[in-house]
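Undergrad: Contents of model07.txt (compact mmCIF, C-alpha atoms and all ligand atoms) are below:
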```txt
# COMPACT_ATOMS: atom_id res chain seq x y z
CA LYS A 227 -35.53 -25.14 -38.30
CA SER A 228 -36.88 -28.42 -37.00
CA GLY A 229 -40.16 -28.07 -38.88
CA LEU A 230 -41.94 -28.14 -35.56
CA ASP A 231 -44.52 -25.72 -34.28
CA THR A 232 -44.74 -27.11 -30.78
CA GLY A 233 -44.68 -25.08 -27.58
CA ILE A 234 -42.86 -27.07 -24.90
CA ILE A 235 -41.94 -30.46 -26.38
CA GLY A 236 -38.92 -30.10 -28.65
CA SER A 237 -37.90 -26.72 -27.21
CA GLU A 238 -34.40 -28.15 -27.59
CA ILE A 239 -33.61 -31.02 -29.95
CA LEU A 240 -30.44 -33.05 -29.56
CA TYR A 241 -29.74 -35.56 -32.29
CA PHE A 242 -27.08 -38.26 -32.10
CA ASP A 243 -25.96 -40.88 -34.62
CA GLU A 244 -25.31 -43.26 -31.76
CA LEU A 245 -26.05 -43.36 -28.06
CA ASP A 246 -26.03 -46.11 -25.49
CA SER A 247 -29.59 -45.14 -24.58
CA THR A 248 -31.52 -41.93 -25.23
CA ASN A 249 -33.07 -42.31 -21.77
CA ALA A 250 -29.63 -42.43 -20.14
CA ARG A 251 -28.51 -39.33 -22.06
CA ALA A 252 -31.74 -37.48 -21.23
CA ARG A 253 -31.20 -38.26 -17.52
CA GLN A 254 -27.71 -36.72 -17.69
CA ILE A 255 -29.20 -33.66 -19.35
CA GLY A 256 -31.90 -33.51 -16.68
CA ASP A 257 -29.28 -33.75 -13.93
CA ALA A 258 -27.36 -30.91 -15.58
CA GLY A 259 -30.41 -28.62 -15.52
CA GLY A 260 -31.64 -29.14 -19.11
CA ALA A 261 -34.81 -27.39 -20.24
CA ASP A 262 -38.37 -28.71 -19.96
CA GLY A 263 -39.30 -30.31 -23.28
CA THR A 264 -35.77 -31.22 -24.41
CA LEU A 265 -35.86 -34.01 -26.98
CA VAL A 266 -33.01 -36.51 -27.28
CA ILE A 267 -33.10 -38.63 -30.38
CA ALA A 268 -30.66 -41.18 -31.79
CA ASP A 269 -30.32 -43.09 -35.03
CA ARG A 270 -29.22 -46.17 -33.12
CA GLN A 271 -28.73 -47.31 -29.54
CA THR A 272 -26.04 -49.66 -28.36
CA ALA A 273 -27.75 -50.37 -25.03
CA GLY A 274 -31.41 -49.53 -25.57
CA LYS A 275 -33.37 -50.23 -22.41
CA GLY A 276 -36.75 -51.91 -22.19
CA ARG A 277 -38.92 -52.45 -19.18
CA MET A 278 -38.21 -55.17 -16.61
CA GLY A 279 -34.49 -54.98 -17.33
CA ARG A 280 -34.96 -56.09 -20.90
CA GLN A 281 -32.97 -54.88 -23.85
CA TRP A 282 -34.61 -52.77 -26.57
CA VAL A 283 -33.22 -53.83 -29.95
CA SER A 284 -32.20 -50.59 -31.69
CA PRO A 285 -30.72 -51.05 -35.18
CA PRO A 286 -29.68 -47.95 -37.18
CA GLY A 287 -31.56 -46.26 -39.99
CA VAL A 288 -35.00 -47.70 -39.43
CA ASN A 289 -36.76 -46.81 -36.18
CA LEU A 290 -37.46 -44.04 -33.71
CA TYR A 291 -35.58 -43.89 -30.41
CA ALA A 292 -36.44 -40.77 -28.48
CA SER A 293 -36.57 -39.44 -24.95
CA VAL A 294 -38.28 -36.31 -23.76
CA LEU A 295 -37.18 -34.48 -20.63
CA LEU A 296 -40.13 -32.97 -18.76
CA ARG A 297 -40.36 -30.94 -15.60
CA PRO A 298 -44.08 -31.23 -14.93
CA PRO A 299 -45.58 -29.31 -11.98
CA ILE A 300 -47.31 -32.43 -10.64
CA PRO A 301 -46.81 -34.54 -7.51
CA PRO A 302 -44.60 -37.65 -7.94
CA TRP A 303 -47.53 -40.06 -7.48
CA GLN A 304 -49.08 -38.70 -10.68
CA ALA A 305 -45.97 -39.24 -12.79
CA PRO A 306 -46.88 -42.81 -13.86
CA GLN A 307 -49.93 -41.32 -15.60
CA LEU A 308 -47.60 -39.61 -18.08
CA THR A 309 -47.29 -43.02 -19.74
CA PHE A 310 -50.81 -42.56 -21.10
CA LEU A 311 -49.68 -39.34 -22.68
CA SER A 312 -46.87 -40.97 -24.66
CA ALA A 313 -49.09 -43.94 -25.59
CA VAL A 314 -51.82 -41.68 -26.98
CA ALA A 315 -49.28 -39.50 -28.82
CA VAL A 316 -47.67 -42.56 -30.45
CA ALA A 317 -51.07 -44.05 -31.36
CA ARG A 318 -52.22 -40.76 -32.90
CA ALA A 319 -48.98 -40.35 -34.85
CA ILE A 320 -49.26 -43.90 -36.24
CA GLU A 321 -52.83 -43.19 -37.26
CA GLU A 322 -51.93 -39.85 -38.84
CA ILE A 323 -48.94 -41.17 -40.79
CA SER A 324 -50.28 -44.51 -41.96
CA GLY A 325 -54.06 -44.38 -41.62
CA VAL A 326 -54.11 -47.56 -39.55
CA ARG A 327 -55.64 -47.41 -36.09
CA PRO A 328 -53.40 -49.01 -33.48
CA ARG A 329 -54.51 -50.38 -30.13
CA VAL A 330 -53.02 -49.77 -26.73
CA LYS A 331 -52.12 -52.46 -24.24
CA TRP A 332 -52.53 -51.46 -20.62
CA PRO A 333 -50.62 -49.58 -19.38
CA ASN A 334 -47.87 -48.80 -21.86
CA ASP A 335 -47.51 -50.61 -25.16
CA VAL A 336 -48.90 -49.77 -28.58
CA LEU A 337 -49.99 -52.69 -30.75
CA LEU A 338 -50.84 -53.40 -34.36
CA ASP A 339 -52.73 -56.64 -34.87
CA GLY A 340 -51.95 -57.66 -31.30
CA LYS A 341 -48.21 -57.26 -31.91
CA LYS A 342 -46.05 -54.69 -30.17
CA VAL A 343 -45.01 -51.80 -32.43
CA ALA A 344 -43.91 -49.36 -29.72
CA GLY A 345 -42.62 -49.49 -26.17
CA LEU A 346 -42.53 -46.74 -23.56
CA LEU A 347 -40.13 -46.42 -20.66
CA ASN A 348 -40.61 -43.55 -18.25
CA GLU A 349 -38.08 -42.72 -15.58
CA MET A 350 -38.51 -40.26 -12.76
CA ASN A 351 -36.09 -38.27 -10.64
CA ALA A 352 -37.95 -36.96 -7.61
CA GLU A 353 -37.01 -35.62 -4.21
CA THR A 354 -39.09 -34.89 -1.14
CA GLU A 355 -40.00 -31.47 -2.50
CA GLY A 356 -41.30 -32.98 -5.74
CA ILE A 357 -40.36 -34.08 -9.22
CA ARG A 358 -37.01 -32.86 -10.55
CA TYR A 359 -37.72 -34.34 -13.95
CA VAL A 360 -39.38 -37.19 -15.78
CA ILE A 361 -37.98 -38.88 -18.87
CA LEU A 362 -40.48 -40.19 -21.39
CA GLY A 363 -38.66 -42.87 -23.37
CA ILE A 364 -40.33 -43.78 -26.65
CA GLY A 365 -39.26 -46.54 -29.04
CA VAL A 366 -41.30 -47.10 -32.20
CA ASN A 367 -40.57 -49.84 -34.72
CA LEU A 368 -41.11 -47.95 -37.95
CA ASN A 369 -39.22 -49.65 -40.79
CA MET A 370 -37.62 -52.63 -39.07
CA GLY A 371 -37.58 -55.76 -41.20
CA ALA A 372 -38.71 -59.17 -39.96
CA HIS A 373 -35.10 -60.45 -39.84
CA GLN A 374 -34.10 -57.62 -37.48
CA PHE A 375 -36.22 -58.87 -34.58
CA PRO A 376 -34.36 -61.18 -32.22
CA ALA A 377 -35.45 -64.77 -32.56
CA ASP A 378 -35.90 -65.15 -28.81
CA LEU A 379 -38.25 -62.19 -28.30
CA ARG A 380 -40.77 -63.12 -25.62
CA TYR A 381 -43.74 -61.32 -27.12
CA PRO A 382 -45.09 -60.85 -30.67
CA ALA A 383 -43.67 -57.71 -32.27
CA THR A 384 -43.99 -55.89 -35.56
CA SER A 385 -43.07 -52.64 -37.30
CA LEU A 386 -45.30 -50.10 -39.00
CA ARG A 387 -43.70 -51.03 -42.32
CA LEU A 388 -44.29 -54.75 -41.81
CA HIS A 389 -47.90 -53.97 -40.98
CA THR A 390 -48.70 -51.58 -43.83
CA GLY A 391 -46.30 -52.87 -46.47
CA GLY A 392 -44.79 -49.45 -47.18
CA PRO A 393 -41.87 -47.41 -45.86
CA VAL A 394 -42.46 -44.75 -43.22
CA SER A 395 -40.68 -41.38 -43.13
CA ARG A 396 -38.97 -41.08 -39.77
CA LEU A 397 -39.00 -37.29 -40.00
CA ALA A 398 -42.73 -37.09 -40.75
CA PHE A 399 -43.38 -39.53 -37.92
CA VAL A 400 -41.36 -37.66 -35.33
CA GLN A 401 -42.95 -34.35 -36.32
CA SER A 402 -46.41 -35.82 -35.90
CA LEU A 403 -45.45 -37.48 -32.62
CA LEU A 404 -44.07 -34.28 -31.12
CA ARG A 405 -47.09 -32.25 -32.17
CA HIS A 406 -49.44 -34.74 -30.51
CA LEU A 407 -47.25 -35.00 -27.42
CA ASP A 408 -47.14 -31.23 -27.08
CA ALA A 409 -50.90 -30.83 -27.46
CA LEU A 410 -51.55 -33.58 -24.90
CA TYR A 411 -49.01 -32.21 -22.45
CA GLN A 412 -50.49 -28.72 -22.60
CA LYS A 413 -53.98 -30.16 -22.12
CA CYS A 414 -52.79 -32.17 -19.20
CA LEU A 415 -51.21 -29.12 -17.56
CA SER A 416 -54.43 -27.13 -17.88
CA GLU A 417 -57.05 -29.83 -17.30
CA GLY A 418 -55.32 -32.72 -15.56
CA PHE A 419 -55.00 -36.30 -16.74
CA SER A 420 -58.65 -37.26 -17.29
CA PRO A 421 -58.86 -36.07 -20.93
CA VAL A 422 -55.64 -38.00 -21.66
CA ILE A 423 -56.94 -41.15 -20.00
CA ALA A 424 -60.22 -40.79 -21.90
CA ALA A 425 -58.26 -40.46 -25.16
CA TRP A 426 -56.25 -43.55 -24.22
CA GLU A 427 -59.49 -45.51 -23.70
CA GLY A 428 -60.40 -44.65 -27.31
CA PHE A 429 -57.52 -46.91 -28.44
CA PHE A 430 -58.28 -49.63 -25.88
CA ASP A 431 -60.43 -52.52 -27.04
CA LEU A 432 -60.67 -54.76 -23.98
CA VAL A 433 -63.53 -53.07 -22.12
CA GLY A 434 -66.18 -55.71 -21.46
CA LYS A 435 -63.75 -58.49 -22.44
CA PRO A 436 -62.39 -61.30 -20.27
CA VAL A 437 -58.71 -61.05 -19.46
CA GLU A 438 -56.03 -62.64 -17.38
CA VAL A 439 -53.70 -60.45 -15.33
CA ASP A 440 -50.31 -61.86 -14.50
CA PHE A 441 -48.95 -60.42 -11.24
CA GLN A 442 -45.79 -62.62 -11.30
CA ASP A 443 -46.80 -64.34 -8.06
CA ARG A 444 -50.44 -64.99 -9.05
CA VAL A 445 -52.77 -64.81 -12.02
CA VAL A 446 -56.25 -63.28 -11.78
CA ARG A 447 -59.09 -63.55 -14.29
CA GLY A 448 -61.88 -61.07 -14.73
CA VAL A 449 -63.76 -58.81 -17.09
CA VAL A 450 -62.35 -55.35 -17.84
CA GLU A 451 -64.66 -52.51 -16.76
CA GLY A 452 -62.36 -49.67 -17.81
CA LEU A 453 -59.90 -47.36 -16.10
CA ASP A 454 -60.38 -45.27 -12.99
CA ASP A 455 -59.45 -41.60 -12.84
CA ILE A 456 -55.75 -42.28 -12.25
CA GLY A 457 -55.51 -44.96 -14.93
CA ALA A 458 -55.72 -48.09 -12.78
CA LEU A 459 -57.35 -51.02 -14.58
CA LEU A 460 -60.72 -52.03 -13.12
CA LEU A 461 -61.40 -55.74 -13.24
CA ARG A 462 -64.68 -57.46 -12.29
CA LEU A 463 -63.83 -60.85 -10.80
CA ALA A 464 -66.03 -63.95 -11.00
CA ASP A 465 -67.13 -63.49 -7.37
CA GLY A 466 -68.44 -60.01 -8.19
CA THR A 467 -65.70 -58.01 -6.50
CA LEU A 468 -63.91 -55.20 -8.29
CA GLU A 469 -60.11 -55.40 -8.38
CA ARG A 470 -58.08 -52.25 -9.04
CA VAL A 471 -54.93 -53.21 -10.90
CA LEU A 472 -51.96 -50.86 -10.63
CA ALA A 473 -49.35 -53.10 -12.27
CA GLY A 474 -49.44 -56.42 -14.08
CA ASP A 475 -49.37 -58.00 -17.50
CA VAL A 476 -52.84 -58.10 -19.06
CA ARG A 477 -53.67 -60.79 -21.63
CA PRO A 478 -56.98 -61.11 -23.44
CA LEU A 479 -58.75 -64.47 -23.06
CA SER A 480 -60.31 -65.72 -26.26
CA SER A 481 -63.70 -66.71 -24.83
C1 LIG B 1 -40.53 -51.55 -23.26
O1 LIG B 1 -39.87 -52.47 -22.74
O2 LIG B 1 -41.62 -51.77 -23.76
C2 LIG B 1 -40.00 -50.15 -23.27
C3 LIG B 1 -39.08 -49.89 -24.41
C4 LIG B 1 -38.60 -48.44 -24.47
C5 LIG B 1 -37.58 -48.22 -25.56
C6 LIG B 1 -37.20 -46.77 -25.73
S1 LIG B 1 -36.19 -46.48 -27.15
C7 LIG B 1 -35.88 -44.84 -26.61
C8 LIG B 1 -35.70 -44.91 -25.10
N1 LIG B 1 -34.31 -45.19 -24.77
C9 LIG B 1 -34.17 -46.39 -24.19
O3 LIG B 1 -33.08 -46.89 -23.83
N2 LIG B 1 -35.37 -46.97 -24.06
C10 LIG B 1 -36.45 -46.13 -24.57
```
Translate the structure of the given file into structure tokens.
Ligand code: BTN

TA:
Amino acid sequence: KSGLDTGIIGSEILYFDELDSTNARARQIGDAGGADGTLVIADRQTAGKGRMGRQWVSPPGVNLYASVLLRPPIPPWQAPQLTFLSAVAVARAIEEISGVRPRVKWPNDVLLDGKKVAGLLNEMNAETEGIRYVILGIGVNLNMGAHQFPADLRYPATSLRLHTGGPVSRLAFVQSLLRHLDALYQKCLSEGFSPVIAAWEGFFDLVGKPVEVDFQDRVVRGVVEGLDDIGALLLRLADGTLERVLAGDVRPLSS
């Protein structure tokens, strides 16, 4: 019926012409006991949410706005690692559909030519006994035209269509995305996060490169050594010490 042959992801698919935010709707469904793997998808969002309280511009007819409800049997501290899962699934779907190889920005953006093509927003509902659910929010700019990006966007952004020059089928893209997400999720449940983090590193091109990490209150420079086993960024500072970065905005330095 949905053209999907996935196991968990997309077990239920709820499509809406319009929602305030697919993440908000998926949270309501999670609160109401919705099934593991439920996919909420909308043609447009009137209040799409980005990270750091930002808005996610969500015009109709062009892009992908989706949220997946998961009930993973993992401790809450591991939940942030699920971001790598959505990033790898989006990167693989872009590669499969268009043949171009995207890059990932640590920890949770997908880039084409250094410009953001997808954003990920995970939200968790956990109690002392563990995770009730996690929402993986996924926004991918597929066919958005240059004029549809807000003029005051604070980072460079693009769409798959702007990058490749041709239109992208939203259906083909979402089918590919869900297949990759499902495969990664199953792998993660059987083997843990290390294969997912290793796959993520395959799309990461800053290992060995100098970067600047903006922590809001300070900026640190160093050379990227890679990720540790939970996905923290390892940075070699000029004085030889190794800094483990758990959150921050990473920018490549040109030299
Ligand atoms: C970011 O700021 O990079 C994260 C953007 C996440 C956007 C997606 S679109 C589908 C889902 N619903 C939302 O309201 N946000 C996420």

Undergrad: So that I can check the surroundings of Gly236 of chain A, please list as a VMD selection string every protein, DNA and RNA residue that reaches within 9 Å of it, counting all atoms listed in the file and ignoring chain neighbours fewer than 2 positions away.

TA: chain A and resid 228 230 232 to 234 238 to 239 262 to 266 294 404 408

Undergrad: Residues within 12 Å of (-42.8, -39.1, -42.2), file coordinates, counting all atoms listed in the file: what are they? Give the list as an MDAnalysis selection string.

TA: chainID A and resid 229 288:290 319:324 368:369 386:387 392:403

Undergrad: Could the residues that lie within 7 Å of ligand LIG 1 (chain B), counting all atoms listed in the file, be listed as a PyMOL selection string?

TA: chain A and resi 247-250+273-278+280+282+291-293+335+344-347+363-365

Undergrad: Residues of segment 258-325 of chain A within 12 Å of segment 443-461 of chain A: nearest atom pair and distance (Å, one decimal) for each, counting only C-alpha atoms, sorted by chain and number, as a tab-separated table?

TA:
```
residue	atom	partner	partner_atom	distance
A:Trp303	CA	A:Ile456	CA	9.8
A:Gln304	CA	A:Ile456	CA	7.7
A:Ala305	CA	A:Ile456	CA	10.3
A:Pro306	CA	A:Gly457	CA	9.0
A:Gln307	CA	A:Gly457	CA	6.7
A:Leu308	CA	A:Gly457	CA	10.1
A:Thr309	CA	A:Gly457	CA	9.7
A:Phe310	CA	A:Gly457	CA	8.1
A:Leu311	CA	A:Gly457	CA	11.2
```

Undergrad: From the list A:Gln281, A:Arg358, A:Gln271, A:Ala315, which residue is nearest Ala409 of chain A when using all atoms listed in the file?

TA: A:Ala315

Undergrad: Point out the residue among A:Leu295, A:Val439, A:Leu379, A:Leu338 with the least atom-to-atom distance to Gln254 of chain A, counting all atoms listed in the file.

TA: A:Leu295

Undergrad: Take atom CA of His406 of chain A and atom CA of Pro299 of chain A and report the distance between them in Å, one decimal.

TA: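 For atom CA of His406 of chain A relative to atom CA of Pro299 of chain A, the distance reads 19.7 Å.
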
Undergrad: Complete segment 451-475 of chain A at the level of N, CA and C atoms, written as an mmCIF file, keeping the file's coordinate frame.

TA:
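Saved file out-v4.cif follows:
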```cif
data_model
loop_
_atom_site.group_PDB
_atom_site.id
_atom_site.type_symbol
_atom_site.label_atom_id
_atom_site.label_comp_id
_atom_site.auth_asym_id
_atom_site.auth_seq_id
_atom_site.Cartn_x
_atom_site.Cartn_y
_atom_site.Cartn_z
ATOM 1 N N GLU A 451 -63.584 -53.512 -16.805
ATOM 2 C CA GLU A 451 -64.660 -52.510 -16.760
ATOM 3 C C GLU A 451 -64.190 -51.144 -17.246
ATOM 4 N N GLY A 452 -62.885 -50.963 -17.354
ATOM 5 C CA GLY A 452 -62.360 -49.670 -17.810
ATOM 6 C C GLY A 452 -61.228 -49.220 -16.911
ATOM 7 N N LEU A 453 -60.955 -47.927 -16.943
ATOM 8 C CA LEU A 453 -59.900 -47.360 -16.100
ATOM 9 C C LEU A 453 -60.530 -46.426 -15.083
ATOM 10 N N ASP A 454 -59.889 -46.283 -13.932
ATOM 11 C CA ASP A 454 -60.380 -45.270 -12.990
ATOM 12 C C ASP A 454 -59.705 -43.930 -13.314
ATOM 13 N N ASP A 455 -59.922 -42.939 -12.468
ATOM 14 C CA ASP A 455 -59.450 -41.600 -12.840
ATOM 15 C C ASP A 455 -57.942 -41.429 -12.773
ATOM 16 N N ILE A 456 -57.214 -42.394 -12.183
ATOM 17 C CA ILE A 456 -55.750 -42.280 -12.250
ATOM 18 C C ILE A 456 -55.145 -43.307 -13.210
ATOM 19 N N GLY A 457 -56.015 -44.034 -13.920
ATOM 20 C CA GLY A 457 -55.510 -44.960 -14.930
ATOM 21 C C GLY A 457 -55.312 -46.384 -14.456
ATOM 22 N N ALA A 458 -55.768 -46.698 -13.228
ATOM 23 C CA ALA A 458 -55.720 -48.090 -12.780
ATOM 24 C C ALA A 458 -56.757 -48.888 -13.557
ATOM 25 N N LEU A 459 -56.440 -50.156 -13.820
ATOM 26 C CA LEU A 459 -57.350 -51.020 -14.580
ATOM 27 C C LEU A 459 -58.385 -51.619 -13.622
ATOM 28 N N LEU A 460 -59.658 -51.494 -13.971
ATOM 29 C CA LEU A 460 -60.720 -52.030 -13.120
ATOM 30 C C LEU A 460 -61.186 -53.362 -13.681
ATOM 31 N N LEU A 461 -61.122 -54.375 -12.825
ATOM 32 C CA LEU A 461 -61.400 -55.740 -13.240
ATOM 33 C C LEU A 461 -62.516 -56.324 -12.385
ATOM 34 N N ARG A 462 -63.589 -56.805 -13.022
ATOM 35 C CA ARG A 462 -64.680 -57.460 -12.290
ATOM 36 C C ARG A 462 -64.373 -58.940 -12.189
ATOM 37 N N LEU A 463 -64.183 -59.439 -10.977
ATOM 38 C CA LEU A 463 -63.830 -60.850 -10.800
ATOM 39 C C LEU A 463 -65.090 -61.713 -10.803
ATOM 40 N N ALA A 464 -64.902 -63.026 -10.922
ATOM 41 C CA ALA A 464 -66.030 -63.950 -11.000
ATOM 42 C C ALA A 464 -66.916 -63.871 -9.759
ATOM 43 N N ASP A 465 -66.328 -63.575 -8.600
ATOM 44 C CA ASP A 465 -67.130 -63.490 -7.370
ATOM 45 C C ASP A 465 -67.818 -62.124 -7.210
ATOM 46 N N GLY A 466 -67.727 -61.284 -8.232
ATOM 47 C CA GLY A 466 -68.440 -60.010 -8.190
ATOM 48 C C GLY A 466 -67.637 -58.845 -7.657
ATOM 49 N N THR A 467 -66.483 -59.124 -7.037
ATOM 50 C CA THR A 467 -65.700 -58.010 -6.500
ATOM 51 C C THR A 467 -64.952 -57.286 -7.612
ATOM 52 N N LEU A 468 -64.620 -56.015 -7.316
ATOM 53 C CA LEU A 468 -63.910 -55.200 -8.290
ATOM 54 C C LEU A 468 -62.449 -55.108 -7.842
ATOM 55 N N GLU A 469 -61.545 -55.506 -8.704
ATOM 56 C CA GLU A 469 -60.110 -55.400 -8.380
ATOM 57 C C GLU A 469 -59.523 -54.218 -9.152
ATOM 58 N N ARG A 470 -58.768 -53.384 -8.417
ATOM 59 C CA ARG A 470 -58.080 -52.250 -9.040
ATOM 60 C C ARG A 470 -56.652 -52.648 -9.292
ATOM 61 N N VAL A 471 -56.268 -52.733 -10.555
ATOM 62 C CA VAL A 471 -54.930 -53.210 -10.900
ATOM 63 C C VAL A 471 -54.012 -52.031 -11.176
ATOM 64 N N LEU A 472 -52.910 -51.969 -10.428
ATOM 65 C CA LEU A 472 -51.960 -50.860 -10.630
ATOM 66 C C LEU A 472 -50.763 -51.287 -11.468
ATOM 67 N N ALA A 473 -50.454 -52.594 -11.453
ATOM 68 C CA ALA A 473 -49.350 -53.100 -12.270
ATOM 69 C C ALA A 473 -49.606 -54.569 -12.545
ATOM 70 N N GLY A 474 -49.243 -55.013 -13.733
ATOM 71 C CA GLY A 474 -49.440 -56.420 -14.080
ATOM 72 C C GLY A 474 -49.499 -56.545 -15.581
ATOM 73 N N ASP A 475 -49.338 -57.770 -16.059
ATOM 74 C CA ASP A 475 -49.370 -58.000 -17.500
ATOM 75 C C ASP A 475 -50.750 -58.533 -17.891
#
```
